[in-house]
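All remarks here apply to the structure that follows.
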Amino acid sequence: MLFTGLRGLARRASVLLWWVSPALLFLLWWYISVRHWFAPQLVVPPQKVFTTLNALAAGGDLWDNLQITCRRLAIGFVWGSVTGVACGALLALSRTFSDYVRPLFDVLRQVPTLTLIPVLILLIGIDESLKVVVVAKAVFFPVALATYGGVEGVPRDLVEMARHYGLGRAALFRDVLLPSAIPSLLTGIRIAIARAWLSLVAVELLSADSGIGEMMEMARQMLRIDVVLVDVILIGLIGFVLDQSVALVQRCVLRWQISPR
């Protein structure tokens with residue numbers, strides 16, 4: 001009973017510690033703005049940023065741009081994940097496919113996503129397809145590598161046993177290899193979604209007529225630092241929520257895997 005109480009107290013304390021660094025940053029921001037160490041146009045007071053957030057939300061522009069950005073993220077993430085899982089599985093299961101594709105795969109995954117934006121603009125223009133391709137590329141390689149590692153790490157005895165019981169290739173992948181690779185795959189997805197979110201915001205800053213990144217770039221050009229800070233805060237919060245959502249799924253899956261039958 002005492003141990004359970006102490007564990008609950010430690011859990012609550014750890015949750016409170018999460019808020020220490022954000023609170024300190026907010027206090028520092030407020031103190032600098034009050035002391036006027038910088039021009040008000042550069043260090044906007046927190047209360048003005050909060051007022052701007054309410055105005056943007058009430059006007060609808062903020063939600064419209066967030067919806068556009070999230071839709072781009074979702075479409076690109078699905079394409080990148082599906083193709084990444086397929087490629088990673090083929091790399092692990094097909095020696096021929098690996099011999100032909102792995103060298104090119106290893107070269108391309110070293111190329112940062114943002115460096116491809118000028119080339120992609122020349123090839124496919126600056127429409128919605130550019131944003132989706134950038135997100136898909138950012139997702140593809142982490143997911144493919146995670147799938148490859150997960151499938152490759154499945155014990156050979158388990159695979160041989162499945163084959164002994166007559167499982168074909170499709171059933172073997174669906175019922176044995178893919179479930180065994182899920183922990184590794186979730187790790188890859190967690191890395192991929194962080195990269196995809198950063199890449200999407202960057203490409204919207206560089207080439208977009210809508211979205212949260214374009215909204216921030218327009219505010220920068222008009223010296224609306226309060227709007228820029230609103231966008232920065234929202235980008236950080238959304239990225240945090242995405243990361244923690246995948247982490248929660250990871251914890252649930254791992255708990256299910258190690259739970260007694």
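Each chain in the structure tokens gets a letter, A, B and so on, in the order shown; residues start at 1 in every chain, and ligands are counted from 1 in the order they appear.
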Close residues, Leu229 in chain A itself excluded, 12 Å, only C-alpha atoms, min 2 positions apart in chain, as a ChimeraX atom specification: /A:29,41-53,212-213,215-217,219-220,223-227,231-236
Atoms kept (N, CA, C and O atoms) for selection, written as a compact mmCIF listing (two decimals), in the first residue's frame:
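Result written to part.txt:
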# COMPACT_ATOMS: atom_id res chain seq x y z
N TRP A 29 10.53 35.37 -20.50
CA TRP A 29 9.93 36.16 -21.58
C TRP A 29 9.18 37.35 -21.02
O TRP A 29 9.34 38.49 -21.49
N GLN A 41 8.67 45.84 -30.51
CA GLN A 41 8.39 45.21 -31.80
C GLN A 41 9.13 43.88 -31.95
O GLN A 41 8.72 43.04 -32.76
N LEU A 42 10.22 43.69 -31.21
CA LEU A 42 11.01 42.47 -31.29
C LEU A 42 10.61 41.46 -30.22
O LEU A 42 10.45 40.27 -30.51
N VAL A 43 10.47 41.91 -28.99
CA VAL A 43 10.05 41.03 -27.89
C VAL A 43 8.65 41.46 -27.48
O VAL A 43 8.46 42.36 -26.67
N VAL A 44 7.68 40.80 -28.09
CA VAL A 44 6.29 41.14 -27.85
C VAL A 44 5.86 40.58 -26.49
O VAL A 44 6.16 39.43 -26.16
N PRO A 45 5.17 41.35 -25.68
CA PRO A 45 4.72 40.85 -24.36
C PRO A 45 3.79 39.66 -24.51
O PRO A 45 3.03 39.56 -25.50
N PRO A 46 3.81 38.75 -23.54
CA PRO A 46 2.95 37.56 -23.63
C PRO A 46 1.48 37.89 -23.77
O PRO A 46 0.75 37.20 -24.49
N GLN A 47 1.03 38.91 -23.09
CA GLN A 47 -0.40 39.25 -23.14
C GLN A 47 -0.82 39.68 -24.54
O GLN A 47 -1.95 39.39 -24.98
N LYS A 48 0.06 40.35 -25.27
CA LYS A 48 -0.27 40.74 -26.64
C LYS A 48 -0.34 39.52 -27.56
O LYS A 48 -1.20 39.43 -28.45
N VAL A 49 0.57 38.55 -27.34
CA VAL A 49 0.53 37.33 -28.13
C VAL A 49 -0.77 36.57 -27.86
O VAL A 49 -1.40 36.04 -28.79
N PHE A 50 -1.19 36.53 -26.60
CA PHE A 50 -2.44 35.87 -26.26
C PHE A 50 -3.63 36.57 -26.91
O PHE A 50 -4.55 35.92 -27.43
N THR A 51 -3.61 37.90 -26.92
CA THR A 51 -4.68 38.66 -27.57
C THR A 51 -4.71 38.40 -29.07
O THR A 51 -5.77 38.23 -29.67
N THR A 52 -3.53 38.33 -29.68
CA THR A 52 -3.45 38.04 -31.12
C THR A 52 -3.97 36.64 -31.42
O THR A 52 -4.66 36.43 -32.43
N LEU A 53 -3.64 35.69 -30.56
CA LEU A 53 -4.13 34.32 -30.75
C LEU A 53 -5.65 34.29 -30.74
O LEU A 53 -6.28 33.64 -31.59
N ILE A 212 0.16 27.02 -42.14
CA ILE A 212 0.69 27.71 -40.97
C ILE A 212 2.06 28.31 -41.24
O ILE A 212 2.41 29.39 -40.74
N GLY A 213 2.88 27.63 -42.06
CA GLY A 213 4.19 28.17 -42.40
C GLY A 213 4.09 29.43 -43.25
O GLY A 213 4.81 30.41 -43.03
N MET A 215 1.57 31.44 -43.31
CA MET A 215 1.02 32.47 -42.43
C MET A 215 2.13 33.14 -41.62
O MET A 215 2.15 34.36 -41.45
N MET A 216 3.09 32.32 -41.14
CA MET A 216 4.19 32.87 -40.37
C MET A 216 5.12 33.71 -41.24
O MET A 216 5.61 34.75 -40.81
N GLU A 217 5.36 33.27 -42.48
CA GLU A 217 6.23 34.03 -43.38
C GLU A 217 5.60 35.37 -43.74
O GLU A 217 6.31 36.41 -43.79
N ALA A 219 3.54 37.06 -41.90
CA ALA A 219 3.62 37.90 -40.70
C ALA A 219 5.03 38.45 -40.52
O ALA A 219 5.21 39.60 -40.09
N ARG A 220 6.03 37.65 -40.85
CA ARG A 220 7.42 38.13 -40.75
C ARG A 220 7.66 39.29 -41.71
O ARG A 220 8.30 40.28 -41.35
N LEU A 223 6.33 42.38 -40.36
CA LEU A 223 6.86 42.68 -39.02
C LEU A 223 5.81 42.48 -37.93
O LEU A 223 5.82 43.19 -36.92
N ARG A 224 4.94 41.50 -38.13
CA ARG A 224 3.96 41.14 -37.10
C ARG A 224 4.55 40.02 -36.25
O ARG A 224 4.23 38.85 -36.41
N ILE A 225 5.43 40.41 -35.34
CA ILE A 225 6.12 39.41 -34.52
C ILE A 225 5.15 38.68 -33.60
O ILE A 225 5.36 37.52 -33.25
N ASP A 226 4.06 39.34 -33.22
CA ASP A 226 3.08 38.67 -32.38
C ASP A 226 2.44 37.49 -33.11
O ASP A 226 2.26 36.41 -32.53
N VAL A 227 2.15 37.66 -34.41
CA VAL A 227 1.60 36.56 -35.20
C VAL A 227 2.65 35.46 -35.39
O VAL A 227 2.33 34.27 -35.32
N ASP A 231 2.31 31.50 -34.22
CA ASP A 231 2.57 30.35 -35.09
C ASP A 231 3.67 29.45 -34.52
O ASP A 231 3.57 28.22 -34.58
N VAL A 232 4.72 30.05 -33.99
CA VAL A 232 5.80 29.26 -33.41
C VAL A 232 5.30 28.41 -32.24
O VAL A 232 5.62 27.23 -32.13
N ILE A 233 4.50 29.02 -31.39
CA ILE A 233 3.97 28.28 -30.24
C ILE A 233 3.07 27.13 -30.70
O ILE A 233 3.16 26.00 -30.20
N LEU A 234 2.21 27.40 -31.68
CA LEU A 234 1.32 26.35 -32.18
C LEU A 234 2.10 25.24 -32.87
O LEU A 234 1.78 24.06 -32.69
N ILE A 235 3.12 25.59 -33.63
CA ILE A 235 3.93 24.57 -34.30
C ILE A 235 4.60 23.68 -33.26
O ILE A 235 4.63 22.45 -33.40
N GLY A 236 5.14 24.28 -32.21
CA GLY A 236 5.76 23.48 -31.16
C GLY A 236 4.77 22.59 -30.44
O GLY A 236 5.05 21.42 -30.17
Helix (DSSP H, G or I) per DSSP on the backbone: members of range 21-133 of chain A, as an MDAnalysis selection string: chainID A and resid 21:35 46:59 61:93 95:108 113:124 128:133
Taking C-alpha atoms for each residue, export the selection above as an mmCIF file, in the first residue's frame.
data_model
loop_
_atom_site.group_PDB
_atom_site.id
_atom_site.type_symbol
_atom_site.label_atom_id
_atom_site.label_comp_id
_atom_site.auth_asym_id
_atom_site.auth_seq_id
_atom_site.Cartn_x
_atom_site.Cartn_y
_atom_site.Cartn_z
ATOM 1 C CA SER A 21 11.052 24.568 -17.966
ATOM 2 C CA PRO A 22 8.032 26.035 -19.855
ATOM 3 C CA ALA A 23 7.135 28.093 -16.777
ATOM 4 C CA LEU A 24 10.691 29.374 -16.430
ATOM 5 C CA LEU A 25 10.815 30.279 -20.116
ATOM 6 C CA PHE A 26 7.498 32.111 -19.847
ATOM 7 C CA LEU A 27 8.683 34.042 -16.771
ATOM 8 C CA LEU A 28 11.906 34.988 -18.541
ATOM 9 C CA TRP A 29 9.930 36.156 -21.582
ATOM 10 C CA TRP A 30 7.571 38.201 -19.395
ATOM 11 C CA TYR A 31 10.431 39.726 -17.392
ATOM 12 C CA ILE A 32 12.387 40.756 -20.502
ATOM 13 C CA SER A 33 9.292 42.365 -22.015
ATOM 14 C CA VAL A 34 8.497 44.225 -18.783
ATOM 15 C CA ARG A 35 12.056 45.475 -18.366
ATOM 16 C CA PRO A 46 2.952 37.560 -23.631
ATOM 17 C CA GLN A 47 -0.398 39.246 -23.142
ATOM 18 C CA LYS A 48 -0.272 40.743 -26.642
ATOM 19 C CA VAL A 49 0.530 37.327 -28.131
ATOM 20 C CA PHE A 50 -2.440 35.866 -26.262
ATOM 21 C CA THR A 51 -4.675 38.664 -27.568
ATOM 22 C CA THR A 52 -3.449 38.039 -31.119
ATOM 23 C CA LEU A 53 -4.134 34.319 -30.745
ATOM 24 C CA ASN A 54 -7.727 35.022 -29.729
ATOM 25 C CA ALA A 55 -8.189 37.442 -32.624
ATOM 26 C CA LEU A 56 -6.788 35.000 -35.200
ATOM 27 C CA ALA A 57 -8.896 32.163 -33.826
ATOM 28 C CA ALA A 58 -12.043 34.288 -33.830
ATOM 29 C CA GLY A 59 -11.403 35.441 -37.392
ATOM 30 C CA ASP A 61 -7.757 32.378 -40.554
ATOM 31 C CA LEU A 62 -5.769 30.422 -37.993
ATOM 32 C CA TRP A 63 -8.011 27.344 -38.122
ATOM 33 C CA ASP A 64 -8.215 27.420 -41.913
ATOM 34 C CA ASN A 65 -4.431 27.432 -42.265
ATOM 35 C CA LEU A 66 -3.987 24.774 -39.585
ATOM 36 C CA GLN A 67 -6.516 22.565 -41.348
ATOM 37 C CA ILE A 68 -4.667 22.906 -44.644
ATOM 38 C CA THR A 69 -1.317 22.083 -43.021
ATOM 39 C CA CYS A 70 -2.696 19.081 -41.159
ATOM 40 C CA ARG A 71 -4.308 17.735 -44.333
ATOM 41 C CA ARG A 72 -0.993 17.958 -46.169
ATOM 42 C CA LEU A 73 0.720 16.191 -43.286
ATOM 43 C CA ALA A 74 -1.854 13.394 -43.216
ATOM 44 C CA ILE A 75 -1.755 12.711 -46.965
ATOM 45 C CA GLY A 76 2.033 12.767 -47.180
ATOM 46 C CA PHE A 77 2.370 10.670 -44.039
ATOM 47 C CA VAL A 78 0.083 7.944 -45.382
ATOM 48 C CA TRP A 79 1.930 7.770 -48.712
ATOM 49 C CA GLY A 80 5.338 7.769 -47.041
ATOM 50 C CA SER A 81 4.344 5.142 -44.475
ATOM 51 C CA VAL A 82 2.759 2.721 -46.942
ATOM 52 C CA THR A 83 5.646 2.891 -49.409
ATOM 53 C CA GLY A 84 8.178 2.811 -46.575
ATOM 54 C CA VAL A 85 6.728 -0.362 -45.070
ATOM 55 C CA ALA A 86 6.626 -2.018 -48.497
ATOM 56 C CA CYS A 87 10.198 -1.044 -49.350
ATOM 57 C CA GLY A 88 11.578 -2.023 -45.942
ATOM 58 C CA ALA A 89 9.870 -5.401 -46.071
ATOM 59 C CA LEU A 90 11.188 -6.079 -49.579
ATOM 60 C CA LEU A 91 14.705 -5.118 -48.542
ATOM 61 C CA ALA A 92 14.536 -7.631 -45.702
ATOM 62 C CA LEU A 93 12.783 -10.442 -47.567
ATOM 63 C CA ARG A 95 17.845 -10.640 -51.714
ATOM 64 C CA THR A 96 17.459 -9.659 -55.366
ATOM 65 C CA PHE A 97 15.510 -6.503 -54.529
ATOM 66 C CA SER A 98 18.072 -5.590 -51.875
ATOM 67 C CA ASP A 99 21.021 -6.069 -54.243
ATOM 68 C CA TYR A 100 19.521 -3.722 -56.829
ATOM 69 C CA VAL A 101 17.855 -1.118 -54.621
ATOM 70 C CA ARG A 102 19.883 -0.940 -51.389
ATOM 71 C CA PRO A 103 22.832 1.109 -52.788
ATOM 72 C CA LEU A 104 20.506 3.787 -54.185
ATOM 73 C CA PHE A 105 18.394 3.653 -51.022
ATOM 74 C CA ASP A 106 21.437 4.256 -48.807
ATOM 75 C CA VAL A 107 22.570 7.193 -50.938
ATOM 76 C CA LEU A 108 19.197 8.930 -51.102
ATOM 77 C CA THR A 113 14.722 16.567 -47.413
ATOM 78 C CA LEU A 114 14.962 20.355 -47.513
ATOM 79 C CA THR A 115 17.863 20.299 -49.983
ATOM 80 C CA LEU A 116 15.583 18.608 -52.514
ATOM 81 C CA ILE A 117 12.997 21.386 -52.475
ATOM 82 C CA PRO A 118 14.572 23.448 -55.326
ATOM 83 C CA VAL A 119 14.788 20.332 -57.507
ATOM 84 C CA LEU A 120 11.238 19.303 -56.658
ATOM 85 C CA ILE A 121 9.953 22.792 -57.471
ATOM 86 C CA LEU A 122 11.483 22.489 -60.947
ATOM 87 C CA LEU A 123 10.035 18.995 -61.432
ATOM 88 C CA ILE A 124 6.539 19.246 -59.981
ATOM 89 C CA GLU A 128 -0.029 20.857 -53.245
ATOM 90 C CA SER A 129 1.921 17.951 -54.731
ATOM 91 C CA LEU A 130 5.193 19.578 -53.645
ATOM 92 C CA LYS A 131 4.172 19.633 -49.979
ATOM 93 C CA VAL A 132 2.874 16.063 -50.095
ATOM 94 C CA VAL A 133 6.055 14.774 -51.755
#
Minimum-distance residue to Gly153 in chain A, chosen among A:Ala181, A:Leu242, A:Val201, A:Cys252 (using only C-alpha atoms): A:Ala181
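Going from CA of Trp18 in chain A to CA of Ile238 in chain A covers 16.5 Å.
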Residue contacts of Asp243 in chain A (12 Å, only C-alpha atoms) excluding same-chain residues fewer than 6 positions away, as an MDAnalysis selection string: chainID A and resid 186:197 236:237 249:250
Suppose we keep all heavy atoms; can you now write the selection as a compact mmCIF listing (two decimals), in the first residue's frame?
# COMPACT_ATOMS: atom_id res chain seq x y z
N LEU A 186 7.04 1.41 -34.91
CA LEU A 186 6.53 2.57 -34.18
C LEU A 186 7.65 3.55 -33.85
O LEU A 186 7.43 4.77 -33.86
CB LEU A 186 5.83 2.10 -32.90
CG LEU A 186 4.47 1.44 -33.10
CD1 LEU A 186 3.94 0.90 -31.78
CD2 LEU A 186 3.48 2.42 -33.70
N THR A 187 8.83 3.03 -33.55
CA THR A 187 9.97 3.93 -33.34
C THR A 187 10.28 4.72 -34.60
O THR A 187 10.54 5.92 -34.56
CB THR A 187 11.20 3.12 -32.90
OG1 THR A 187 10.92 2.41 -31.69
CG2 THR A 187 12.40 4.03 -32.67
N GLY A 188 10.27 4.02 -35.74
CA GLY A 188 10.49 4.71 -37.01
C GLY A 188 9.42 5.74 -37.30
O GLY A 188 9.72 6.84 -37.80
N ILE A 189 8.17 5.42 -36.98
CA ILE A 189 7.07 6.37 -37.20
C ILE A 189 7.23 7.60 -36.32
O ILE A 189 6.98 8.73 -36.75
CB ILE A 189 5.72 5.68 -36.94
CG1 ILE A 189 5.40 4.70 -38.09
CG2 ILE A 189 4.60 6.70 -36.79
CD1 ILE A 189 4.15 3.90 -37.87
N ARG A 190 7.70 7.39 -35.09
CA ARG A 190 7.90 8.53 -34.20
C ARG A 190 8.96 9.48 -34.74
O ARG A 190 8.81 10.70 -34.70
CB ARG A 190 8.29 8.04 -32.81
CG ARG A 190 8.32 9.14 -31.76
CD ARG A 190 8.58 8.59 -30.38
NE ARG A 190 8.57 9.65 -29.38
CZ ARG A 190 8.83 9.46 -28.09
NH1 ARG A 190 9.09 8.22 -27.65
NH2 ARG A 190 8.81 10.47 -27.25
N ILE A 191 10.04 8.91 -35.26
CA ILE A 191 11.08 9.75 -35.88
C ILE A 191 10.53 10.40 -37.15
O ILE A 191 10.77 11.59 -37.41
CB ILE A 191 12.31 8.89 -36.20
CG1 ILE A 191 12.92 8.34 -34.90
CG2 ILE A 191 13.34 9.69 -36.99
CD1 ILE A 191 14.02 7.32 -35.13
N ALA A 192 9.79 9.62 -37.93
CA ALA A 192 9.30 10.11 -39.22
C ALA A 192 8.32 11.27 -39.06
O ALA A 192 8.37 12.24 -39.82
CB ALA A 192 8.64 8.96 -39.99
N ILE A 193 7.44 11.18 -38.09
CA ILE A 193 6.42 12.22 -37.98
C ILE A 193 7.03 13.53 -37.51
O ILE A 193 6.57 14.62 -37.91
CB ILE A 193 5.27 11.76 -37.04
CG1 ILE A 193 4.01 12.56 -37.33
CG2 ILE A 193 5.66 11.89 -35.57
CD1 ILE A 193 2.76 11.96 -36.74
N ALA A 194 8.09 13.45 -36.70
CA ALA A 194 8.79 14.67 -36.30
C ALA A 194 9.47 15.31 -37.51
O ALA A 194 9.38 16.53 -37.73
CB ALA A 194 9.81 14.36 -35.21
N ARG A 195 10.15 14.49 -38.32
CA ARG A 195 10.81 15.02 -39.51
C ARG A 195 9.80 15.56 -40.51
O ARG A 195 10.03 16.60 -41.15
CB ARG A 195 11.65 13.93 -40.16
CG ARG A 195 12.86 13.50 -39.35
CD ARG A 195 13.69 12.50 -40.12
NE ARG A 195 14.87 12.08 -39.36
CZ ARG A 195 15.77 11.21 -39.80
NH1 ARG A 195 15.62 10.67 -41.01
NH2 ARG A 195 16.81 10.88 -39.05
N ALA A 196 8.69 14.87 -40.65
CA ALA A 196 7.68 15.31 -41.61
C ALA A 196 7.09 16.65 -41.20
O ALA A 196 6.87 17.53 -42.05
CB ALA A 196 6.57 14.26 -41.71
N TRP A 197 6.82 16.83 -39.92
CA TRP A 197 6.25 18.08 -39.45
C TRP A 197 7.21 19.25 -39.68
O TRP A 197 6.82 20.31 -40.17
CB TRP A 197 5.89 17.95 -37.97
CG TRP A 197 5.26 19.16 -37.36
CD1 TRP A 197 5.74 19.90 -36.33
CD2 TRP A 197 4.03 19.79 -37.72
NE1 TRP A 197 4.91 20.94 -36.03
CE2 TRP A 197 3.83 20.88 -36.86
CE3 TRP A 197 3.07 19.52 -38.69
CZ2 TRP A 197 2.73 21.72 -36.95
CZ3 TRP A 197 1.96 20.36 -38.78
CH2 TRP A 197 1.80 21.44 -37.92
N GLY A 236 5.14 24.28 -32.21
CA GLY A 236 5.76 23.48 -31.16
C GLY A 236 4.77 22.59 -30.44
O GLY A 236 5.05 21.42 -30.17
N LEU A 237 3.59 23.13 -30.12
CA LEU A 237 2.58 22.34 -29.42
C LEU A 237 2.07 21.18 -30.27
O LEU A 237 1.90 20.06 -29.77
CB LEU A 237 1.42 23.24 -29.00
CG LEU A 237 1.70 24.22 -27.86
CD1 LEU A 237 0.50 25.13 -27.62
CD2 LEU A 237 2.06 23.48 -26.58
N VAL A 249 1.11 5.29 -27.98
CA VAL A 249 0.83 4.04 -28.69
C VAL A 249 1.95 3.04 -28.46
O VAL A 249 1.71 1.84 -28.25
CB VAL A 249 0.63 4.31 -30.19
CG1 VAL A 249 0.48 3.01 -30.96
CG2 VAL A 249 -0.59 5.19 -30.42
N GLN A 250 3.20 3.51 -28.48
CA GLN A 250 4.34 2.63 -28.22
C GLN A 250 4.23 1.97 -26.86
O GLN A 250 4.44 0.76 -26.73
CB GLN A 250 5.64 3.42 -28.30
CG GLN A 250 6.18 3.66 -29.69
CD GLN A 250 7.52 4.36 -29.65
OE1 GLN A 250 7.63 5.49 -29.17
NE2 GLN A 250 8.55 3.70 -30.13
Residue with smallest distance to Leu198 in chain A - pool A:Pro112, A:Pro40, A:Gly239, A:Val143, counting only C-alpha atoms: A:Gly239
Residue nearest Arg156 in chain A among A:Val139, A:Ala144, A:Val176, A:Val230 (counting only C-alpha atoms):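 With only C-alpha atoms as the atom set, the closest residue is A:Val176.
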